[in-house]
$ cat work_35.txt   # compact mmCIF, N, CA and C atoms
# COMPACT_ATOMS: atom_id res chain seq x y z
N MET A 1 9.87 1.59 -8.18
CA MET A 1 8.59 0.88 -8.24
C MET A 1 7.71 1.41 -7.10
N ASN A 2 6.44 1.24 -7.28
CA ASN A 2 5.45 1.67 -6.28
C ASN A 2 4.52 0.51 -5.98
N PHE A 3 3.97 0.54 -4.78
CA PHE A 3 3.07 -0.52 -4.35
C PHE A 3 1.91 0.06 -3.56
N LEU A 4 0.89 -0.76 -3.36
CA LEU A 4 -0.21 -0.45 -2.47
C LEU A 4 -0.31 -1.61 -1.49
N PHE A 5 -0.30 -1.28 -0.20
CA PHE A 5 -0.46 -2.27 0.87
C PHE A 5 -1.79 -1.99 1.55
N LYS A 6 -2.57 -3.05 1.76
CA LYS A 6 -3.89 -2.90 2.40
C LYS A 6 -3.83 -3.33 3.86
N GLU A 7 -4.57 -2.58 4.69
CA GLU A 7 -4.68 -2.93 6.11
C GLU A 7 -6.03 -2.48 6.65
N GLU A 8 -6.60 -3.28 7.51
CA GLU A 8 -7.83 -2.91 8.22
C GLU A 8 -7.45 -1.85 9.25
N PRO A 9 -8.06 -0.64 9.20
CA PRO A 9 -7.65 0.41 10.13
C PRO A 9 -7.86 0.05 11.60
N SER A 10 -8.83 -0.82 11.90
CA SER A 10 -9.01 -1.23 13.30
C SER A 10 -7.89 -2.16 13.75
N ASN A 11 -7.18 -2.75 12.80
CA ASN A 11 -6.05 -3.63 13.12
C ASN A 11 -4.75 -2.82 13.24
N TYR A 12 -4.48 -1.96 12.26
CA TYR A 12 -3.25 -1.15 12.28
C TYR A 12 -3.45 0.05 11.36
N SER A 13 -3.92 1.14 11.92
CA SER A 13 -4.24 2.34 11.14
C SER A 13 -2.96 3.09 10.73
N PHE A 14 -3.11 3.94 9.74
CA PHE A 14 -1.98 4.77 9.32
C PHE A 14 -1.53 5.67 10.46
N GLU A 15 -2.47 6.14 11.26
CA GLU A 15 -2.13 6.99 12.41
C GLU A 15 -1.24 6.23 13.41
N THR A 16 -1.57 4.99 13.68
CA THR A 16 -0.74 4.17 14.58
C THR A 16 0.63 3.94 13.96
N PHE A 17 0.64 3.66 12.66
CA PHE A 17 1.88 3.46 11.93
C PHE A 17 2.77 4.70 12.04
N GLN A 18 2.19 5.89 11.92
CA GLN A 18 2.96 7.12 12.05
C GLN A 18 3.56 7.25 13.45
N LYS A 19 2.79 6.90 14.47
CA LYS A 19 3.31 6.96 15.85
C LYS A 19 4.45 5.98 16.04
N ASP A 20 4.33 4.79 15.43
CA ASP A 20 5.37 3.77 15.56
C ASP A 20 6.63 4.13 14.78
N LYS A 21 6.49 4.97 13.76
CA LYS A 21 7.59 5.44 12.90
C LYS A 21 8.16 4.39 11.94
N LYS A 22 7.79 3.13 12.12
CA LYS A 22 8.23 2.05 11.21
C LYS A 22 7.46 0.78 11.57
N THR A 23 7.45 -0.15 10.63
CA THR A 23 6.86 -1.46 10.91
C THR A 23 7.43 -2.47 9.92
N THR A 24 7.27 -3.73 10.25
CA THR A 24 7.60 -4.81 9.34
C THR A 24 6.28 -5.33 8.79
N TRP A 25 6.12 -5.28 7.47
CA TRP A 25 4.89 -5.73 6.83
C TRP A 25 4.97 -7.23 6.68
N GLU A 26 4.10 -7.92 7.41
CA GLU A 26 4.12 -9.38 7.42
C GLU A 26 2.69 -9.91 7.41
N GLY A 27 2.55 -11.20 7.41
CA GLY A 27 1.22 -11.80 7.45
C GLY A 27 0.57 -11.93 6.09
N VAL A 28 1.30 -11.67 5.02
CA VAL A 28 0.75 -11.79 3.66
C VAL A 28 0.80 -13.26 3.27
N ARG A 29 -0.36 -13.85 3.02
CA ARG A 29 -0.44 -15.28 2.72
C ARG A 29 -0.70 -15.59 1.24
N ASN A 30 -1.44 -14.73 0.58
CA ASN A 30 -1.79 -14.97 -0.82
C ASN A 30 -0.53 -15.07 -1.66
N PRO A 31 -0.40 -16.12 -2.49
CA PRO A 31 0.83 -16.29 -3.29
C PRO A 31 1.11 -15.13 -4.24
N VAL A 32 0.09 -14.54 -4.85
CA VAL A 32 0.31 -13.41 -5.76
C VAL A 32 0.77 -12.19 -4.97
N ALA A 33 0.12 -11.93 -3.84
CA ALA A 33 0.52 -10.80 -2.98
C ALA A 33 1.95 -11.03 -2.47
N GLN A 34 2.29 -12.27 -2.13
CA GLN A 34 3.65 -12.59 -1.68
C GLN A 34 4.67 -12.31 -2.79
N LYS A 35 4.31 -12.65 -4.02
CA LYS A 35 5.20 -12.40 -5.16
C LYS A 35 5.48 -10.90 -5.28
N HIS A 36 4.43 -10.10 -5.14
CA HIS A 36 4.61 -8.64 -5.22
C HIS A 36 5.44 -8.15 -4.03
N LEU A 37 5.15 -8.64 -2.84
CA LEU A 37 5.89 -8.21 -1.64
C LEU A 37 7.38 -8.55 -1.79
N ARG A 38 7.66 -9.71 -2.33
CA ARG A 38 9.05 -10.16 -2.51
C ARG A 38 9.83 -9.23 -3.45
N SER A 39 9.12 -8.49 -4.33
CA SER A 39 9.81 -7.62 -5.28
C SER A 39 10.04 -6.20 -4.76
N VAL A 40 9.61 -5.91 -3.54
CA VAL A 40 9.79 -4.57 -2.97
C VAL A 40 11.28 -4.32 -2.69
N LYS A 41 11.73 -3.15 -3.10
CA LYS A 41 13.13 -2.74 -2.90
C LYS A 41 13.19 -1.49 -2.03
N LYS A 42 14.31 -1.33 -1.35
CA LYS A 42 14.53 -0.15 -0.53
C LYS A 42 14.29 1.10 -1.36
N GLY A 43 13.52 2.05 -0.80
CA GLY A 43 13.22 3.30 -1.48
C GLY A 43 11.92 3.29 -2.25
N ASP A 44 11.32 2.12 -2.48
CA ASP A 44 10.05 2.06 -3.19
C ASP A 44 8.98 2.81 -2.41
N ARG A 45 8.09 3.47 -3.16
CA ARG A 45 6.96 4.18 -2.53
C ARG A 45 5.81 3.19 -2.33
N VAL A 46 5.09 3.40 -1.23
CA VAL A 46 3.99 2.49 -0.88
C VAL A 46 2.77 3.32 -0.48
N PHE A 47 1.64 3.05 -1.14
CA PHE A 47 0.37 3.61 -0.67
C PHE A 47 -0.10 2.76 0.50
N TYR A 48 -0.57 3.42 1.54
CA TYR A 48 -1.18 2.74 2.69
C TYR A 48 -2.69 2.86 2.48
N TYR A 49 -3.35 1.72 2.36
CA TYR A 49 -4.76 1.67 2.02
C TYR A 49 -5.55 1.09 3.19
N HIS A 50 -6.56 1.82 3.65
CA HIS A 50 -7.44 1.32 4.70
C HIS A 50 -8.58 0.52 4.07
N THR A 51 -8.73 -0.71 4.50
CA THR A 51 -9.82 -1.55 4.03
C THR A 51 -11.05 -1.32 4.91
N GLY A 52 -11.95 -2.29 4.95
CA GLY A 52 -13.13 -2.19 5.82
C GLY A 52 -14.09 -1.14 5.31
N ASN A 53 -14.65 -0.36 6.22
CA ASN A 53 -15.64 0.65 5.85
C ASN A 53 -15.03 1.82 5.09
N GLU A 54 -13.74 2.09 5.30
CA GLU A 54 -13.10 3.25 4.66
C GLU A 54 -12.84 3.04 3.17
N LYS A 55 -12.18 1.95 2.83
CA LYS A 55 -11.80 1.65 1.44
C LYS A 55 -11.20 2.88 0.76
N ALA A 56 -10.02 3.29 1.25
CA ALA A 56 -9.39 4.50 0.70
C ALA A 56 -7.87 4.46 0.90
N VAL A 57 -7.17 5.08 -0.06
CA VAL A 57 -5.74 5.32 0.09
C VAL A 57 -5.62 6.49 1.06
N VAL A 58 -4.90 6.29 2.17
CA VAL A 58 -4.84 7.32 3.21
C VAL A 58 -3.45 7.89 3.45
N GLY A 59 -2.41 7.20 3.00
CA GLY A 59 -1.07 7.70 3.28
C GLY A 59 -0.02 7.12 2.35
N ILE A 60 1.18 7.67 2.49
CA ILE A 60 2.34 7.23 1.71
C ILE A 60 3.42 6.77 2.68
N ALA A 61 4.01 5.64 2.34
CA ALA A 61 5.13 5.09 3.11
C ALA A 61 6.26 4.81 2.13
N LYS A 62 7.39 4.36 2.68
CA LYS A 62 8.49 3.95 1.81
C LYS A 62 9.14 2.70 2.41
N ALA A 63 9.68 1.89 1.51
CA ALA A 63 10.42 0.70 1.95
C ALA A 63 11.78 1.14 2.46
N THR A 64 12.15 0.67 3.64
CA THR A 64 13.44 1.07 4.22
C THR A 64 14.53 0.03 3.99
N ARG A 65 14.14 -1.11 3.43
CA ARG A 65 15.11 -2.12 2.99
C ARG A 65 14.42 -3.05 2.02
N ASN A 66 15.19 -3.81 1.30
CA ASN A 66 14.62 -4.78 0.37
C ASN A 66 13.82 -5.83 1.14
N ALA A 67 12.82 -6.42 0.48
CA ALA A 67 12.08 -7.53 1.08
C ALA A 67 13.06 -8.64 1.44
N TYR A 68 12.74 -9.38 2.50
CA TYR A 68 13.64 -10.44 2.97
C TYR A 68 12.81 -11.59 3.53
N PRO A 69 13.39 -12.78 3.60
CA PRO A 69 12.65 -13.93 4.13
C PRO A 69 12.19 -13.66 5.56
N ASN A 70 10.96 -14.03 5.84
CA ASN A 70 10.38 -13.83 7.17
C ASN A 70 11.12 -14.68 8.20
N PRO A 71 11.79 -14.05 9.17
CA PRO A 71 12.52 -14.83 10.17
C PRO A 71 11.58 -15.63 11.08
N GLN A 72 10.29 -15.27 11.13
CA GLN A 72 9.32 -15.94 12.00
C GLN A 72 8.52 -17.02 11.30
N GLY A 73 8.74 -17.21 10.00
CA GLY A 73 7.93 -18.21 9.31
C GLY A 73 8.09 -18.17 7.81
N ASP A 74 7.01 -18.49 7.11
CA ASP A 74 7.04 -18.59 5.65
C ASP A 74 6.97 -17.23 4.98
N GLY A 75 7.38 -17.23 3.73
CA GLY A 75 7.23 -16.05 2.90
C GLY A 75 8.24 -14.96 3.17
N TYR A 76 7.90 -13.78 2.64
CA TYR A 76 8.76 -12.61 2.75
C TYR A 76 8.06 -11.52 3.54
N VAL A 77 8.85 -10.60 4.06
CA VAL A 77 8.36 -9.42 4.76
C VAL A 77 9.15 -8.22 4.25
N VAL A 78 8.68 -7.02 4.58
CA VAL A 78 9.42 -5.82 4.19
C VAL A 78 9.26 -4.77 5.28
N ASP A 79 10.31 -4.04 5.54
CA ASP A 79 10.27 -2.95 6.52
C ASP A 79 9.88 -1.67 5.81
N ILE A 80 8.91 -0.95 6.38
CA ILE A 80 8.46 0.31 5.80
C ILE A 80 8.39 1.38 6.89
N ALA A 81 8.44 2.62 6.44
CA ALA A 81 8.32 3.78 7.34
C ALA A 81 7.32 4.75 6.72
N PRO A 82 6.54 5.45 7.56
CA PRO A 82 5.60 6.42 7.01
C PRO A 82 6.32 7.62 6.42
N VAL A 83 5.77 8.17 5.33
CA VAL A 83 6.28 9.40 4.74
C VAL A 83 5.33 10.54 5.13
N LYS A 84 4.03 10.39 4.77
CA LYS A 84 3.05 11.40 5.15
C LYS A 84 1.64 10.89 4.85
N PRO A 85 0.68 11.43 5.59
CA PRO A 85 -0.71 11.11 5.24
C PRO A 85 -1.10 11.90 3.99
N LEU A 86 -2.06 11.39 3.26
CA LEU A 86 -2.59 12.16 2.14
C LEU A 86 -3.42 13.30 2.71
N LYS A 87 -3.40 14.42 2.04
CA LYS A 87 -4.18 15.58 2.50
C LYS A 87 -5.66 15.22 2.59
N ARG A 88 -6.10 14.43 1.63
CA ARG A 88 -7.47 13.93 1.61
C ARG A 88 -7.43 12.49 1.13
N PRO A 89 -8.04 11.55 1.86
CA PRO A 89 -8.05 10.16 1.39
C PRO A 89 -8.71 10.07 0.00
N VAL A 90 -8.21 9.15 -0.80
CA VAL A 90 -8.79 8.89 -2.12
C VAL A 90 -9.50 7.54 -2.03
N THR A 91 -10.81 7.57 -2.18
CA THR A 91 -11.62 6.38 -1.97
C THR A 91 -11.58 5.43 -3.17
N LEU A 92 -11.90 4.19 -2.89
CA LEU A 92 -12.00 3.20 -3.95
C LEU A 92 -13.07 3.61 -4.96
N ALA A 93 -14.16 4.18 -4.48
CA ALA A 93 -15.23 4.64 -5.39
C ALA A 93 -14.70 5.68 -6.37
N GLU A 94 -13.87 6.61 -5.90
CA GLU A 94 -13.27 7.62 -6.79
C GLU A 94 -12.34 6.97 -7.81
N ILE A 95 -11.56 6.02 -7.34
CA ILE A 95 -10.61 5.32 -8.22
C ILE A 95 -11.37 4.56 -9.30
N LYS A 96 -12.47 3.91 -8.92
CA LYS A 96 -13.26 3.14 -9.89
C LYS A 96 -13.91 4.02 -10.94
N LYS A 97 -14.15 5.28 -10.63
CA LYS A 97 -14.78 6.21 -11.58
C LYS A 97 -13.82 6.62 -12.70
N GLU A 98 -12.53 6.53 -12.46
CA GLU A 98 -11.52 6.95 -13.43
C GLU A 98 -11.21 5.81 -14.39
N ARG A 99 -11.48 6.00 -15.66
CA ARG A 99 -11.25 4.94 -16.66
C ARG A 99 -9.79 4.52 -16.73
N ARG A 100 -8.88 5.46 -16.52
CA ARG A 100 -7.45 5.13 -16.62
C ARG A 100 -6.99 4.17 -15.52
N PHE A 101 -7.81 4.00 -14.48
CA PHE A 101 -7.47 3.08 -13.40
C PHE A 101 -8.12 1.71 -13.55
N ALA A 102 -8.84 1.49 -14.64
CA ALA A 102 -9.64 0.26 -14.81
C ALA A 102 -8.82 -1.02 -14.73
N GLU A 103 -7.56 -0.98 -15.12
CA GLU A 103 -6.73 -2.19 -15.12
C GLU A 103 -5.95 -2.40 -13.82
N LEU A 104 -6.09 -1.48 -12.88
CA LEU A 104 -5.40 -1.64 -11.59
C LEU A 104 -5.88 -2.89 -10.87
N PRO A 105 -4.97 -3.63 -10.24
CA PRO A 105 -5.42 -4.77 -9.42
C PRO A 105 -6.41 -4.35 -8.32
N LEU A 106 -6.28 -3.13 -7.83
CA LEU A 106 -7.20 -2.64 -6.80
C LEU A 106 -8.64 -2.68 -7.30
N VAL A 107 -8.83 -2.44 -8.58
CA VAL A 107 -10.16 -2.46 -9.18
C VAL A 107 -10.54 -3.87 -9.63
N ARG A 108 -9.60 -4.58 -10.23
CA ARG A 108 -9.88 -5.89 -10.82
C ARG A 108 -9.81 -7.05 -9.83
N VAL A 109 -8.91 -6.99 -8.85
CA VAL A 109 -8.71 -8.08 -7.89
C VAL A 109 -8.78 -7.48 -6.48
N PRO A 110 -9.99 -7.13 -6.04
CA PRO A 110 -10.13 -6.34 -4.81
C PRO A 110 -9.60 -6.99 -3.53
N ARG A 111 -9.43 -8.28 -3.50
CA ARG A 111 -8.97 -8.92 -2.26
C ARG A 111 -7.45 -9.00 -2.14
N LEU A 112 -6.74 -8.64 -3.19
CA LEU A 112 -5.28 -8.69 -3.18
C LEU A 112 -4.72 -7.65 -2.21
N SER A 113 -3.87 -8.06 -1.28
CA SER A 113 -3.42 -7.16 -0.21
C SER A 113 -2.14 -6.39 -0.51
N VAL A 114 -1.37 -6.84 -1.51
CA VAL A 114 -0.15 -6.14 -1.93
C VAL A 114 -0.14 -6.15 -3.45
N MET A 115 0.03 -4.96 -4.05
CA MET A 115 -0.02 -4.89 -5.50
C MET A 115 0.89 -3.77 -6.00
N PRO A 116 1.44 -3.94 -7.21
CA PRO A 116 2.25 -2.87 -7.80
C PRO A 116 1.34 -1.76 -8.33
N ILE A 117 1.86 -0.54 -8.31
CA ILE A 117 1.15 0.62 -8.85
C ILE A 117 2.11 1.35 -9.79
N PRO A 118 1.75 1.49 -11.07
CA PRO A 118 2.64 2.20 -12.01
C PRO A 118 2.87 3.66 -11.57
N ASP A 119 4.02 4.22 -11.94
CA ASP A 119 4.38 5.58 -11.55
C ASP A 119 3.30 6.60 -11.89
N ASP A 120 2.78 6.55 -13.12
CA ASP A 120 1.81 7.55 -13.53
C ASP A 120 0.51 7.46 -12.72
N ILE A 121 0.12 6.25 -12.36
CA ILE A 121 -1.09 6.05 -11.56
C ILE A 121 -0.83 6.50 -10.12
N PHE A 122 0.33 6.17 -9.59
CA PHE A 122 0.69 6.60 -8.23
C PHE A 122 0.61 8.13 -8.16
N ASP A 123 1.25 8.78 -9.11
CA ASP A 123 1.27 10.25 -9.12
C ASP A 123 -0.13 10.84 -9.31
N ALA A 124 -0.96 10.19 -10.12
CA ALA A 124 -2.33 10.67 -10.35
C ALA A 124 -3.16 10.59 -9.06
N ILE A 125 -2.99 9.51 -8.30
CA ILE A 125 -3.75 9.35 -7.05
C ILE A 125 -3.27 10.37 -6.02
N VAL A 126 -1.97 10.61 -5.95
CA VAL A 126 -1.44 11.65 -5.06
C VAL A 126 -2.06 13.00 -5.43
N LYS A 127 -2.12 13.29 -6.72
CA LYS A 127 -2.68 14.56 -7.18
C LYS A 127 -4.17 14.65 -6.81
N MET A 128 -4.90 13.55 -6.96
CA MET A 128 -6.33 13.54 -6.60
C MET A 128 -6.53 13.88 -5.13
N SER A 129 -5.56 13.52 -4.30
CA SER A 129 -5.67 13.74 -2.85
C SER A 129 -5.38 15.19 -2.46
N GLY A 130 -4.80 15.95 -3.39
CA GLY A 130 -4.42 17.33 -3.08
C GLY A 130 -3.11 17.43 -2.31
N THR A 131 -2.38 16.31 -2.22
CA THR A 131 -1.12 16.27 -1.49
C THR A 131 0.01 16.75 -2.40
N THR A 132 0.91 17.54 -1.81
CA THR A 132 2.07 18.01 -2.58
C THR A 132 3.34 17.38 -2.09

$ encode --input "work_35.txt" --output "structure tokens"
Amino acid sequence: MNFLFKEEPSNYSFETFQKDKKTTWEGVRNPVAQKHLRSVKKGDRVFYYHTGNEKAVVGIAKATRNAYPNPQGDGYVVDIAPVKPLKRPVTLAEIKKERRFAELPLVRVPRLSVMPIPDDIFDAIVKMSGTT
């Protein structure tokens, strides 16, 4: 399975994530986003998406273990590690131009912070970025 996780780059950028080499994804409050986060399994691919002024997929991460109950509070969390930055960020505007992406939660439910991404769409966005 594949997912997209959103983060404000001024809060925790992909570059900082790469320096840290791993992080625990927490702080997800929306019940639908929590449902998606709870379904993350070790090895799942994750797009790292910068919100704010950037609004772009900027990197790829992977889940390093299955989602688990948050030891600090409510809901679930998941541990992820960076894989690589995209060669070129793929903007939300570019994604919205592609008809095949019209049903993506990223397009339809823009405030959702964690969402599943089908394999073919994940691979298409990677290809759009020029990343191999």

$ residues_around --input "work_35.txt" --residues "Arg88 (chain A)" --least-positions-apart "5" --cutoff "6.5 Å" --atoms "all atoms listed in the file" --output "VMD selection string"
chain A and resid 57 to 58 128 to 131

$ closest_residue --input "work_35.txt" --among "A:Gly75, A:Pro69, A:Pro9, A:Pro85" --to "Glu54 (chain A)" --atoms "all atoms listed in the file"
A:Pro9

$ select_by_dssp --input "work_35.txt" --residues "region 40-82 of chain A" --states "strand (DSSP E)" --output "NGL selection string"
:A and (45-50 or 56-63 or 68-69 or 76-82)

$ write_last_selection --input "work_35.txt" --atoms "N, CA and C atoms" --output "compact mmCIF listing (two decimals), in the frame of the given file"
# COMPACT_ATOMS: atom_id res chain seq x y z
N ARG A 45 8.09 3.47 -3.16
CA ARG A 45 6.96 4.18 -2.53
C ARG A 45 5.81 3.19 -2.33
N VAL A 46 5.09 3.40 -1.23
CA VAL A 46 3.99 2.49 -0.88
C VAL A 46 2.77 3.32 -0.48
N PHE A 47 1.64 3.05 -1.14
CA PHE A 47 0.37 3.61 -0.67
C PHE A 47 -0.10 2.76 0.50
N TYR A 48 -0.57 3.42 1.54
CA TYR A 48 -1.18 2.74 2.69
C TYR A 48 -2.69 2.86 2.48
N TYR A 49 -3.35 1.72 2.36
CA TYR A 49 -4.76 1.67 2.02
C TYR A 49 -5.55 1.09 3.19
N HIS A 50 -6.56 1.82 3.65
CA HIS A 50 -7.44 1.32 4.70
C HIS A 50 -8.58 0.52 4.07
N ALA A 56 -10.02 3.29 1.25
CA ALA A 56 -9.39 4.50 0.70
C ALA A 56 -7.87 4.46 0.90
N VAL A 57 -7.17 5.08 -0.06
CA VAL A 57 -5.74 5.32 0.09
C VAL A 57 -5.62 6.49 1.06
N VAL A 58 -4.90 6.29 2.17
CA VAL A 58 -4.84 7.32 3.21
C VAL A 58 -3.45 7.89 3.45
N GLY A 59 -2.41 7.20 3.00
CA GLY A 59 -1.07 7.70 3.28
C GLY A 59 -0.02 7.12 2.35
N ILE A 60 1.18 7.67 2.49
CA ILE A 60 2.34 7.23 1.71
C ILE A 60 3.42 6.77 2.68
N ALA A 61 4.01 5.64 2.34
CA ALA A 61 5.13 5.09 3.11
C ALA A 61 6.26 4.81 2.13
N LYS A 62 7.39 4.36 2.68
CA LYS A 62 8.49 3.95 1.81
C LYS A 62 9.14 2.70 2.41
N ALA A 63 9.68 1.89 1.51
CA ALA A 63 10.42 0.70 1.95
C ALA A 63 11.78 1.14 2.46
N TYR A 68 12.74 -9.38 2.50
CA TYR A 68 13.64 -10.44 2.97
C TYR A 68 12.81 -11.59 3.53
N PRO A 69 13.39 -12.78 3.60
CA PRO A 69 12.65 -13.93 4.13
C PRO A 69 12.19 -13.66 5.56
N TYR A 76 7.90 -13.78 2.64
CA TYR A 76 8.76 -12.61 2.75
C TYR A 76 8.06 -11.52 3.54
N VAL A 77 8.85 -10.60 4.06
CA VAL A 77 8.36 -9.42 4.76
C VAL A 77 9.15 -8.22 4.25
N VAL A 78 8.68 -7.02 4.58
CA VAL A 78 9.42 -5.82 4.19
C VAL A 78 9.26 -4.77 5.28
N ASP A 79 10.31 -4.04 5.54
CA ASP A 79 10.27 -2.95 6.52
C ASP A 79 9.88 -1.67 5.81
N ILE A 80 8.91 -0.95 6.38
CA ILE A 80 8.46 0.31 5.80
C ILE A 80 8.39 1.38 6.89
N ALA A 81 8.44 2.62 6.44
CA ALA A 81 8.32 3.78 7.34
C ALA A 81 7.32 4.75 6.72
N PRO A 82 6.54 5.45 7.56
CA PRO A 82 5.60 6.42 7.01
C PRO A 82 6.32 7.62 6.42

$ closest_residue --input "work_35.txt" --among "A:Ile121, A:Gly59, A:Gly43, A:Phe101" --to "Lys84 (chain A)" --atoms "all atoms listed in the file"
A:Gly59

$ residues_around --input "work_35.txt" --residues "Thr64 (chain A)" --least-positions-apart "2" --cutoff "6.5 Å" --atoms "all atoms listed in the file" --output "JSON, numbers by chain"
{"A": [41, 42, 43, 44, 62, 66, 78, 79, 80, 81]}

$ residues_around --input "work_35.txt" --residues "Met1 (chain A)" --least-positions-apart "5" --cutoff "9 Å" --atoms "only C-alpha atoms" --output "mmCIF file with N, CA and C atoms, in the frame of the given file"
data_model
loop_
_atom_site.group_PDB
_atom_site.id
_atom_site.type_symbol
_atom_site.label_atom_id
_atom_site.label_comp_id
_atom_site.auth_asym_id
_atom_site.auth_seq_id
_atom_site.Cartn_x
_atom_site.Cartn_y
_atom_site.Cartn_z
ATOM 1 N N VAL A 40 9.610 -5.910 -3.540
ATOM 2 C CA VAL A 40 9.790 -4.570 -2.970
ATOM 3 C C VAL A 40 11.280 -4.320 -2.690
ATOM 4 N N LYS A 41 11.730 -3.150 -3.100
ATOM 5 C CA LYS A 41 13.130 -2.740 -2.900
ATOM 6 C C LYS A 41 13.190 -1.490 -2.030
ATOM 7 N N GLY A 43 13.520 2.050 -0.800
ATOM 8 C CA GLY A 43 13.220 3.300 -1.480
ATOM 9 C C GLY A 43 11.920 3.290 -2.250
ATOM 10 N N ASP A 44 11.320 2.120 -2.480
ATOM 11 C CA ASP A 44 10.050 2.060 -3.190
ATOM 12 C C ASP A 44 8.980 2.810 -2.410
ATOM 13 N N ARG A 45 8.090 3.470 -3.160
ATOM 14 C CA ARG A 45 6.960 4.180 -2.530
ATOM 15 C C ARG A 45 5.810 3.190 -2.330
ATOM 16 N N VAL A 46 5.090 3.400 -1.230
ATOM 17 C CA VAL A 46 3.990 2.490 -0.880
ATOM 18 C C VAL A 46 2.770 3.320 -0.480
ATOM 19 N N PRO A 116 1.440 -3.940 -7.210
ATOM 20 C CA PRO A 116 2.250 -2.870 -7.800
ATOM 21 C C PRO A 116 1.340 -1.760 -8.330
ATOM 22 N N ILE A 117 1.860 -0.540 -8.310
ATOM 23 C CA ILE A 117 1.150 0.620 -8.850
ATOM 24 C C ILE A 117 2.110 1.350 -9.790
ATOM 25 N N PRO A 118 1.750 1.490 -11.070
ATOM 26 C CA PRO A 118 2.640 2.200 -12.010
ATOM 27 C C PRO A 118 2.870 3.660 -11.570
ATOM 28 N N ASP A 119 4.020 4.220 -11.940
ATOM 29 C CA ASP A 119 4.380 5.580 -11.550
ATOM 30 C C ASP A 119 3.300 6.600 -11.890
#
